[in-house]
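K.L.:
Sharing start23.cif below, mmCIF, C-alpha atoms and all ligand atoms:
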```
data_run
#
loop_
_atom_site.label_atom_id
_atom_site.label_comp_id
_atom_site.auth_asym_id
_atom_site.auth_seq_id
_atom_site.Cartn_x
_atom_site.Cartn_y
_atom_site.Cartn_z
CA MET A 1160 57.42 59.38 34.35
CA PRO A 1161 60.68 61.23 35.20
CA ARG A 1162 60.58 64.93 34.34
CA TYR A 1163 63.22 67.50 33.46
CA HIS A 1164 63.39 70.60 35.59
CA MET A 1165 62.85 73.83 33.70
CA ASN A 1166 66.11 75.05 32.16
CA ARG A 1167 65.42 78.63 33.21
CA ALA A 1168 64.11 78.24 36.75
CA ASP A 1169 63.87 82.04 37.04
CA LEU A 1170 61.09 82.00 34.40
CA ALA A 1171 59.04 79.30 36.13
CA ILE A 1172 55.58 80.10 37.49
CA THR A 1173 54.97 77.98 40.56
CA ASP A 1174 52.28 79.81 42.54
CA PRO A 1175 49.12 77.68 42.09
CA GLU A 1176 46.93 80.80 41.92
CA ASP A 1177 49.08 82.23 39.09
CA LEU A 1178 48.75 78.92 37.22
CA ARG A 1179 44.97 78.95 37.69
CA THR A 1180 44.85 82.55 36.43
CA ILE A 1181 46.51 81.49 33.15
CA LEU A 1182 43.86 78.77 32.72
CA ARG A 1183 41.03 81.19 33.54
CA ARG A 1184 42.31 83.69 30.98
CA GLY A 1185 42.89 81.12 28.21
CA LYS A 1186 40.20 80.38 25.65
CA TYR A 1187 41.63 77.40 23.83
CA THR A 1188 44.27 74.74 24.32
CA VAL A 1189 46.40 72.60 22.01
CA ILE A 1190 46.29 68.96 23.08
CA ALA A 1191 48.79 66.25 22.20
CA LEU A 1192 47.40 62.74 21.96
CA CYS A 1193 49.16 59.50 21.11
CA ARG A 1194 48.18 55.96 20.11
CA GLU A 1195 50.70 53.24 19.42
CA ASN A 1196 53.53 55.28 17.94
CA GLU A 1197 51.33 57.87 16.22
CA PRO A 1198 50.95 61.47 17.49
CA TYR A 1199 47.93 63.75 16.95
CA VAL A 1200 47.61 67.40 18.00
CA VAL A 1201 44.21 69.06 18.19
CA SER A 1202 43.07 72.55 19.28
CA LEU A 1203 39.92 72.95 21.37
CA SER A 1204 38.12 75.76 23.15
CA TYR A 1205 37.73 74.91 26.83
CA GLY A 1206 36.08 75.79 30.07
CA TYR A 1207 38.16 75.57 33.24
CA ASP A 1208 36.70 74.03 36.38
CA PRO A 1209 39.07 74.80 39.31
CA ALA A 1210 36.97 72.75 41.75
CA LYS A 1211 37.50 69.59 39.70
CA ASN A 1212 40.94 70.69 38.47
CA ALA A 1213 39.74 69.86 34.98
CA LEU A 1214 39.06 71.34 31.56
CA TYR A 1215 35.80 70.66 29.73
CA PHE A 1216 35.32 70.60 25.96
CA HIS A 1217 32.37 70.45 23.64
CA CYS A 1218 32.79 68.29 20.52
CA ALA A 1219 31.17 65.98 18.00
CA LEU A 1220 30.43 62.43 19.10
CA LYS A 1221 32.87 60.90 16.62
CA GLY A 1222 36.15 61.82 15.04
CA LEU A 1223 39.87 61.24 15.13
CA LYS A 1224 40.54 62.69 18.61
CA LEU A 1225 37.88 60.40 20.14
CA ASP A 1226 39.50 57.39 18.46
CA PHE A 1227 42.84 58.40 19.96
CA ILE A 1228 41.40 58.99 23.44
CA GLU A 1229 39.61 55.65 23.36
CA GLN A 1230 42.91 53.91 22.68
CA ASN A 1231 45.00 56.03 25.04
CA PRO A 1232 43.48 58.61 27.43
CA ARG A 1233 46.83 60.12 28.41
CA ALA A 1234 47.31 63.64 27.09
CA CYS A 1235 49.54 66.67 27.31
CA ALA A 1236 48.23 70.15 26.58
CA THR A 1237 49.34 73.75 26.56
CA VAL A 1238 47.51 77.02 27.17
CA ILE A 1239 49.16 80.30 26.20
CA ASN A 1240 48.27 83.82 27.35
CA ASP A 1241 49.97 85.47 24.39
CA MET A 1242 51.07 89.07 24.97
CA GLY A 1243 52.77 89.27 21.58
CA TYR A 1244 56.14 89.43 19.94
CA ILE A 1245 58.43 92.15 21.32
CA THR A 1246 59.79 93.81 18.19
CA GLY A 1247 63.46 94.73 18.42
CA ASP A 1248 64.00 92.50 21.46
CA CYS A 1249 63.83 89.17 19.60
CA ASP A 1250 61.52 88.06 22.40
CA HIS A 1251 57.92 87.06 22.90
CA ALA A 1252 55.85 88.00 25.95
CA PHE A 1253 53.73 85.18 27.31
CA ARG A 1254 52.39 83.27 30.27
CA SER A 1255 51.86 79.61 29.55
CA VAL A 1256 51.13 76.30 31.20
CA VAL A 1257 51.81 72.73 30.19
CA LEU A 1258 49.28 70.24 31.53
CA TRP A 1259 49.57 66.48 31.90
CA GLY A 1260 46.59 64.25 32.53
CA GLU A 1261 43.86 62.07 31.11
CA MET A 1262 41.01 62.75 28.72
CA SER A 1263 37.64 61.06 29.01
CA LEU A 1264 34.23 61.24 27.40
CA VAL A 1265 31.55 62.49 29.81
CA ARG A 1266 28.41 60.33 29.64
CA GLU A 1267 26.28 61.39 32.63
CA LEU A 1268 23.61 64.00 32.01
CA ASP A 1269 24.29 66.01 35.19
CA GLU A 1270 27.98 66.31 34.43
CA LYS A 1271 27.26 67.27 30.80
CA LYS A 1272 25.01 70.07 32.04
CA HIS A 1273 27.69 71.16 34.49
CA ALA A 1274 30.28 71.14 31.68
CA VAL A 1275 28.12 73.35 29.46
CA GLU A 1276 27.76 75.81 32.37
CA VAL A 1277 31.54 75.81 32.88
CA LEU A 1278 32.14 76.31 29.15
CA LEU A 1279 29.69 79.18 28.81
CA ASN A 1280 30.96 80.88 31.98
CA SER A 1281 34.56 80.55 30.77
CA LEU A 1282 34.03 81.64 27.17
CA GLU A 1283 31.07 84.01 27.10
CA PRO A 1284 30.95 87.47 28.68
CA ASP A 1285 27.18 87.02 29.13
CA PRO A 1286 26.31 83.30 29.29
CA GLU A 1287 22.62 84.01 29.98
CA VAL A 1288 22.18 85.42 26.45
CA ILE A 1289 23.30 82.11 24.92
CA LYS A 1290 21.27 80.02 27.37
CA LYS A 1291 18.10 81.92 26.45
CA ARG A 1292 18.85 81.87 22.73
CA SER A 1293 19.87 78.19 22.50
CA PRO A 1294 18.47 76.21 25.44
CA ILE A 1295 19.42 72.52 25.45
CA SER A 1296 16.65 70.09 26.40
CA ASP A 1297 17.61 66.98 28.40
CA PRO A 1298 17.10 64.57 25.43
CA SER A 1299 19.22 66.83 23.21
CA TYR A 1300 22.20 66.26 25.50
CA ASP A 1301 22.46 62.78 23.92
CA LYS A 1302 23.80 64.52 20.82
CA VAL A 1303 26.23 66.76 22.76
CA GLY A 1304 29.78 65.43 23.03
CA ILE A 1305 31.61 66.52 26.17
CA LEU A 1306 35.22 65.71 27.01
CA ARG A 1307 36.96 66.21 30.35
CA PHE A 1308 40.70 66.64 30.83
CA ASP A 1309 41.68 65.74 34.41
CA ILE A 1310 44.81 67.71 35.25
CA ARG A 1311 47.40 65.61 37.09
CA GLU A 1312 50.41 67.91 36.76
CA MET A 1313 50.90 71.47 35.63
CA THR A 1314 53.95 73.64 35.02
CA GLY A 1315 54.03 77.34 34.22
CA LYS A 1316 56.44 79.67 32.50
CA ARG A 1317 56.57 83.41 31.78
CA ARG A 1318 58.51 85.83 29.63
CA PRO A 1319 59.72 88.40 30.30
C1 LIG A 1401 41.05 77.82 18.33
C2 LIG A 1401 40.25 76.58 17.98
C3 LIG A 1401 39.20 76.20 18.82
C4 LIG A 1401 38.46 75.06 18.52
N1 LIG A 1401 37.45 74.68 19.37
C5 LIG A 1401 36.80 73.53 19.16
C6 LIG A 1401 35.83 73.04 20.09
O1 LIG A 1401 35.54 73.67 21.09
N2 LIG A 1401 35.24 71.85 19.82
C7 LIG A 1401 35.55 71.12 18.72
O2 LIG A 1401 35.01 70.03 18.56
N3 LIG A 1401 36.46 71.55 17.83
C8 LIG A 1401 37.10 72.73 18.02
N4 LIG A 1401 38.04 73.15 17.12
C9 LIG A 1401 38.28 72.35 15.92
C10 LIG A 1401 39.21 71.19 16.29
O3 LIG A 1401 40.57 71.63 16.20
C11 LIG A 1401 39.01 69.97 15.39
O4 LIG A 1401 39.06 70.37 14.04
C12 LIG A 1401 37.68 69.26 15.64
O5 LIG A 1401 37.46 69.07 17.02
C13 LIG A 1401 37.65 67.92 14.94
O6 LIG A 1401 38.64 67.09 15.51
P1 LIG A 1401 38.69 65.53 15.17
O7 LIG A 1401 39.90 64.95 15.78
O8 LIG A 1401 37.38 64.91 15.53
O9 LIG A 1401 38.90 65.63 13.61
P2 LIG A 1401 38.13 64.87 12.44
O10 LIG A 1401 36.86 65.63 12.11
O11 LIG A 1401 37.99 63.42 12.74
O12 LIG A 1401 39.13 65.11 11.26
C14 LIG A 1401 40.41 64.55 11.29
C15 LIG A 1401 41.22 65.10 10.16
O13 LIG A 1401 41.08 66.50 10.07
C16 LIG A 1401 42.30 67.16 10.33
N5 LIG A 1401 42.01 68.24 11.27
C17 LIG A 1401 41.28 68.16 12.40
N6 LIG A 1401 41.22 69.34 13.04
C18 LIG A 1401 41.95 70.21 12.28
C19 LIG A 1401 42.27 71.57 12.43
N7 LIG A 1401 41.83 72.32 13.50
N8 LIG A 1401 43.06 72.13 11.49
C20 LIG A 1401 43.50 71.41 10.45
N9 LIG A 1401 43.22 70.12 10.27
C21 LIG A 1401 42.46 69.50 11.17
C22 LIG A 1401 43.21 66.14 10.94
O14 LIG A 1401 44.55 66.36 10.65
C23 LIG A 1401 42.69 64.84 10.33
O15 LIG A 1401 43.25 64.69 9.05
C24 LIG A 1401 38.78 74.30 17.37
C25 LIG A 1401 39.85 74.67 16.56
C26 LIG A 1401 40.57 75.80 16.85
C27 LIG A 1401 41.73 76.17 15.95
#
```
Would you encode the structure as structure tokens?

P.N.:
Amino acid sequence: MPRYHMNRADLAITDPEDLRTILRRGKYTVIALCRENEPYVVSLSYGYDPAKNALYFHCALKGLKLDFIEQNPRACATVINDMGYITGDCDHAFRSVVLWGEMSLVRELDEKKHAVEVLLNSLEPDPEVIKKRSPISDPSYDKVGILRFDIREMTGKRRP
């Protein structure tokens, strides 16, 4: 798909490590899905896996977003490191990325376990506390919905 260049090239973040830092710092993303001519936007907490260049999500095993993904896996998402509105400057300080890629439901047990590790390590300051408090047995993973967003393209922008 042809892409526009960023209007303000001076605000673009292009260093891959800077882009990864935004994803590491983010806690949730807003994902745009589409089926036929119908859009759907959904917010999800995520874990970032730099080795796979992917985001992982935990979710229920049914629902509107899964219906959309089944019909069309292509997705666009944004993650914002929000540093707040700058009062008096009519400006907002942020670092953000826009991601393009595909969503899929993870079915294999080993990858589900990996995804839960990634999620806990990304979201929790002390993942071991949660693991001890709420261990997940192998059969229980059948009831755990895990989605993966494979990142194909990523752009970054900052202000100021
Ligand atoms: C910051 C944040 C983090 C979240 N993290 C997770 C997460 O990690 N895992 C997870 O499963 N969910 C998370 N949610 C909730 C998520 O946004 C969805 O509500 C949920 O995943 C159900 O989505 P669904 O498509 O299956 O909706 P369904 O349960 O099928 O419901 C669809 C209907 O509910 C409405 N709806 C769905 N979500 C919302 C919403 N957030 N606000 C208002 N209306 C809504 C839709 O417009 C539609 O009418 C998070 C929400 C926020 C705001």

K.L.:
Taking only C-alpha atoms and all ligand atoms into account, which residues are within 10 Å of ligand LIG 1401 (chain A), as an MDAnalysis selection string?

P.N.:
chainID A and resid 1186:1190 1192 1199:1206 1215:1228 1278 1304:1306

K.L.:
Tell me, in Å to one decimal, how far CA of Gln1230 (chain A) is from CA of Asp1309 (chain A).

P.N.:
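Atom-to-atom, CA of Gln1230 (chain A) to CA of Asp1309 (chain A), that is 16.7 Å.
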
K.L.:
Taking (48.8, 72.5, 29.6) in the file's coordinates as the center, which residues reach within 7 Å of it, counting only C-alpha atoms, put as a ChimeraX atom specification?

P.N.:
/A:1235-1238,1256-1259,1313

K.L.:
Compile the contact shell of Pro1232 (chain A) as a PyMOL selection string: residues with an atom at most 7 Å away, counting only C-alpha atoms, same-chain residues fewer than 5 positions apart removed.

P.N.:
chain A and resi 1261-1263

K.L.:
Rank A:Arg1311, A:Arg1254, A:His1164, A:His1273 by their smallest atom-to-atom distance to Thr1180 (chain A), using all atoms listed in the file, and report the top residue only.

P.N.:
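Closest candidate: A:Arg1254.
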
K.L.:
Between CA of Tyr1207 (chain A) and CA of Lys1290 (chain A), what is the spacing in Å?

P.N.:
18.4 Å

K.L.:
Here is a test: counting all atoms listed in the file, which residue of A:Val1288, A:Ile1181, A:Ala1210, A:Leu1170 is nearest to Asn1240 (chain A)?

P.N.:
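So, comparing all the options, the nearest one is A:Ile1181.
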
K.L.:
Give the answer as one residue: which of A:Glu1197, A:Asp1241, A:Glu1276, A:Asp1208 has the shortest atom-to-atom distance to Lys1316 (chain A), using all atoms listed in the file?

P.N.:
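Of A:Glu1197, A:Asp1241, A:Glu1276, A:Asp1208, the one nearest Lys1316 (chain A), counting all atoms listed in the file, is A:Asp1241.
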
K.L.:
Taking into account all atoms listed in the file, which residue in the set A:Cys1249, A:Leu1282, A:Arg1233, A:Ser1255 is nearest to Asp1177 (chain A)?

P.N.:
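Closest residue, counting all atoms listed in the file: A:Ser1255.
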
K.L.:
Restricting the calculation to all atoms listed in the file: of A:Glu1312, A:Glu1283, A:Glu1267, A:Asp1248, which residue gets closest to Asp1297 (chain A)?

P.N.:
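That would be A:Glu1267, the residue with the smallest distance to Asp1297 (chain A).
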
K.L.:
So which residues are close to (67.0, 79.9, 29.4), meaning at most 12 Å away in the file's coordinates with only C-alpha atoms counted, and can you show them as a list in words?

P.N.:
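Output of the proximity query reads His1164, Met1165, Asn1166, Arg1167, Ala1168, Asp1169, Leu1170, Ala1171, Lys1316, Arg1317, Arg1318 and Pro1319 of chain A.
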
K.L.:
Since we have the selection now, will you write its residues out, keeping C-alpha atoms, as a PDB file, in the frame of the given file?

P.N.:
```
ATOM      1  CA  HIS A1164      63.390  70.600  35.590  1.00  0.00           C
ATOM      2  CA  MET A1165      62.850  73.830  33.700  1.00  0.00           C
ATOM      3  CA  ASN A1166      66.110  75.050  32.160  1.00  0.00           C
ATOM      4  CA  ARG A1167      65.420  78.630  33.210  1.00  0.00           C
ATOM      5  CA  ALA A1168      64.110  78.240  36.750  1.00  0.00           C
ATOM      6  CA  ASP A1169      63.870  82.040  37.040  1.00  0.00           C
ATOM      7  CA  LEU A1170      61.090  82.000  34.400  1.00  0.00           C
ATOM      8  CA  ALA A1171      59.040  79.300  36.130  1.00  0.00           C
ATOM      9  CA  LYS A1316      56.440  79.670  32.500  1.00  0.00           C
ATOM     10  CA  ARG A1317      56.570  83.410  31.780  1.00  0.00           C
ATOM     11  CA  ARG A1318      58.510  85.830  29.630  1.00  0.00           C
ATOM     12  CA  PRO A1319      59.720  88.400  30.300  1.00  0.00           C
TER      13      PRO A1319
END
```

K.L.:
Tell me, in Å to one decimal, how far CA of His1251 (chain A) is from CA of Ser1281 (chain A).

P.N.:
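Going from CA of His1251 (chain A) over to CA of Ser1281 (chain A) covers 25.5 Å.
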
K.L.:
Which residue gives the smallest distance to Ile1310 (chain A) among A:Ala1213, A:Leu1268, A:Leu1178, A:Val1275, with all atoms listed in the file counted?

P.N.:
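Among A:Ala1213, A:Leu1268, A:Leu1178, A:Val1275, it is A:Ala1213 that comes nearest to Ile1310 (chain A).
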
K.L.:
Kindly output region 1263-1274 of chain A as an mmCIF file, keeping the file's coordinate frame, after building all heavy atoms.

P.N.:
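The resulting file, part21.cif, is shown below:
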```
data_model
loop_
_atom_site.group_PDB
_atom_site.id
_atom_site.type_symbol
_atom_site.label_atom_id
_atom_site.label_comp_id
_atom_site.auth_asym_id
_atom_site.auth_seq_id
_atom_site.Cartn_x
_atom_site.Cartn_y
_atom_site.Cartn_z
ATOM 1 N N SER A 1263 38.720 62.056 29.042
ATOM 2 C CA SER A 1263 37.640 61.060 29.010
ATOM 3 C C SER A 1263 36.368 61.677 28.484
ATOM 4 O O SER A 1263 36.165 62.893 28.589
ATOM 5 C CB SER A 1263 37.411 60.458 30.410
ATOM 6 O OG SER A 1263 37.111 61.487 31.324
ATOM 7 N N LEU A 1264 35.523 60.808 27.926
ATOM 8 C CA LEU A 1264 34.230 61.240 27.400
ATOM 9 C C LEU A 1264 33.232 61.254 28.558
ATOM 10 O O LEU A 1264 33.116 60.265 29.286
ATOM 11 C CB LEU A 1264 33.781 60.264 26.314
ATOM 12 C CG LEU A 1264 32.616 60.662 25.430
ATOM 13 C CD1 LEU A 1264 32.913 61.928 24.628
ATOM 14 C CD2 LEU A 1264 32.271 59.512 24.475
ATOM 15 N N VAL A 1265 32.552 62.382 28.742
ATOM 16 C CA VAL A 1265 31.550 62.490 29.810
ATOM 17 C C VAL A 1265 30.243 61.905 29.310
ATOM 18 O O VAL A 1265 29.772 62.276 28.231
ATOM 19 C CB VAL A 1265 31.368 63.969 30.228
ATOM 20 C CG1 VAL A 1265 30.222 64.125 31.208
ATOM 21 C CG2 VAL A 1265 32.671 64.524 30.811
ATOM 22 N N ARG A 1266 29.646 60.999 30.089
ATOM 23 C CA ARG A 1266 28.410 60.330 29.640
ATOM 24 C C ARG A 1266 27.194 60.706 30.480
ATOM 25 O O ARG A 1266 26.067 60.582 30.023
ATOM 26 C CB ARG A 1266 28.617 58.815 29.664
ATOM 27 C CG ARG A 1266 29.696 58.366 28.683
ATOM 28 C CD ARG A 1266 29.971 56.868 28.803
ATOM 29 N NE ARG A 1266 31.255 56.520 28.184
ATOM 30 C CZ ARG A 1266 31.435 56.355 26.886
ATOM 31 N NH1 ARG A 1266 30.421 56.485 26.062
ATOM 32 N NH2 ARG A 1266 32.642 56.044 26.408
ATOM 33 N N GLU A 1267 27.428 61.122 31.735
ATOM 34 C CA GLU A 1267 26.280 61.390 32.630
ATOM 35 C C GLU A 1267 25.668 62.761 32.353
ATOM 36 O O GLU A 1267 26.390 63.756 32.204
ATOM 37 C CB GLU A 1267 26.740 61.327 34.079
ATOM 38 C CG GLU A 1267 26.977 59.920 34.544
ATOM 39 C CD GLU A 1267 27.417 59.864 35.985
ATOM 40 O OE1 GLU A 1267 27.339 60.896 36.679
ATOM 41 O OE2 GLU A 1267 27.852 58.777 36.389
ATOM 42 N N LEU A 1268 24.344 62.776 32.341
ATOM 43 C CA LEU A 1268 23.610 64.000 32.010
ATOM 44 C C LEU A 1268 23.990 65.164 32.935
ATOM 45 O O LEU A 1268 24.251 66.277 32.470
ATOM 46 C CB LEU A 1268 22.102 63.727 32.056
ATOM 47 C CG LEU A 1268 21.198 64.926 31.795
ATOM 48 C CD1 LEU A 1268 21.415 65.499 30.400
ATOM 49 C CD2 LEU A 1268 19.730 64.554 31.995
ATOM 50 N N ASP A 1269 24.021 64.906 34.246
ATOM 51 C CA ASP A 1269 24.290 66.010 35.190
ATOM 52 C C ASP A 1269 25.666 66.615 34.950
ATOM 53 O O ASP A 1269 25.839 67.832 35.034
ATOM 54 C CB ASP A 1269 24.188 65.515 36.644
ATOM 55 C CG ASP A 1269 22.739 65.348 37.060
ATOM 56 O OD1 ASP A 1269 21.856 65.817 36.304
ATOM 57 O OD2 ASP A 1269 22.486 64.751 38.116
ATOM 58 N N GLU A 1270 26.647 65.765 34.662
ATOM 59 C CA GLU A 1270 27.980 66.310 34.430
ATOM 60 C C GLU A 1270 28.046 67.049 33.086
ATOM 61 O O GLU A 1270 28.747 68.050 32.947
ATOM 62 C CB GLU A 1270 29.073 65.235 34.513
ATOM 63 C CG GLU A 1270 30.454 65.907 34.561
ATOM 64 C CD GLU A 1270 31.627 64.956 34.697
ATOM 65 O OE1 GLU A 1270 31.413 63.735 34.807
ATOM 66 O OE2 GLU A 1270 32.772 65.467 34.662
ATOM 67 N N LYS A 1271 27.307 66.557 32.097
ATOM 68 C CA LYS A 1271 27.260 67.270 30.800
ATOM 69 C C LYS A 1271 26.684 68.671 30.994
ATOM 70 O O LYS A 1271 27.192 69.654 30.454
ATOM 71 C CB LYS A 1271 26.398 66.491 29.799
ATOM 72 C CG LYS A 1271 27.100 65.319 29.145
ATOM 73 C CD LYS A 1271 26.194 64.729 28.077
ATOM 74 C CE LYS A 1271 26.955 63.781 27.174
ATOM 75 N NZ LYS A 1271 26.145 63.322 26.054
ATOM 76 N N LYS A 1272 25.619 68.759 31.790
ATOM 77 C CA LYS A 1272 25.010 70.070 32.040
ATOM 78 C C LYS A 1272 26.001 70.976 32.769
ATOM 79 O O LYS A 1272 26.124 72.167 32.447
ATOM 80 C CB LYS A 1272 23.741 69.902 32.887
ATOM 81 C CG LYS A 1272 22.573 69.310 32.142
ATOM 82 C CD LYS A 1272 21.394 69.211 33.106
ATOM 83 C CE LYS A 1272 20.119 68.844 32.395
ATOM 84 N NZ LYS A 1272 18.997 68.722 33.324
ATOM 85 N N HIS A 1273 26.675 70.401 33.745
ATOM 86 C CA HIS A 1273 27.690 71.160 34.490
ATOM 87 C C HIS A 1273 28.780 71.658 33.532
ATOM 88 O O HIS A 1273 29.201 72.820 33.595
ATOM 89 C CB HIS A 1273 28.279 70.265 35.584
ATOM 90 C CG HIS A 1273 29.476 70.831 36.247
ATOM 91 N ND1 HIS A 1273 29.410 71.909 37.112
ATOM 92 C CD2 HIS A 1273 30.801 70.509 36.155
ATOM 93 C CE1 HIS A 1273 30.631 72.213 37.528
ATOM 94 N NE2 HIS A 1273 31.488 71.389 36.961
ATOM 95 N N ALA A 1274 29.219 70.782 32.621
ATOM 96 C CA ALA A 1274 30.280 71.140 31.680
ATOM 97 C C ALA A 1274 29.860 72.301 30.782
ATOM 98 O O ALA A 1274 30.647 73.220 30.517
ATOM 99 C CB ALA A 1274 30.673 69.928 30.842
#
```
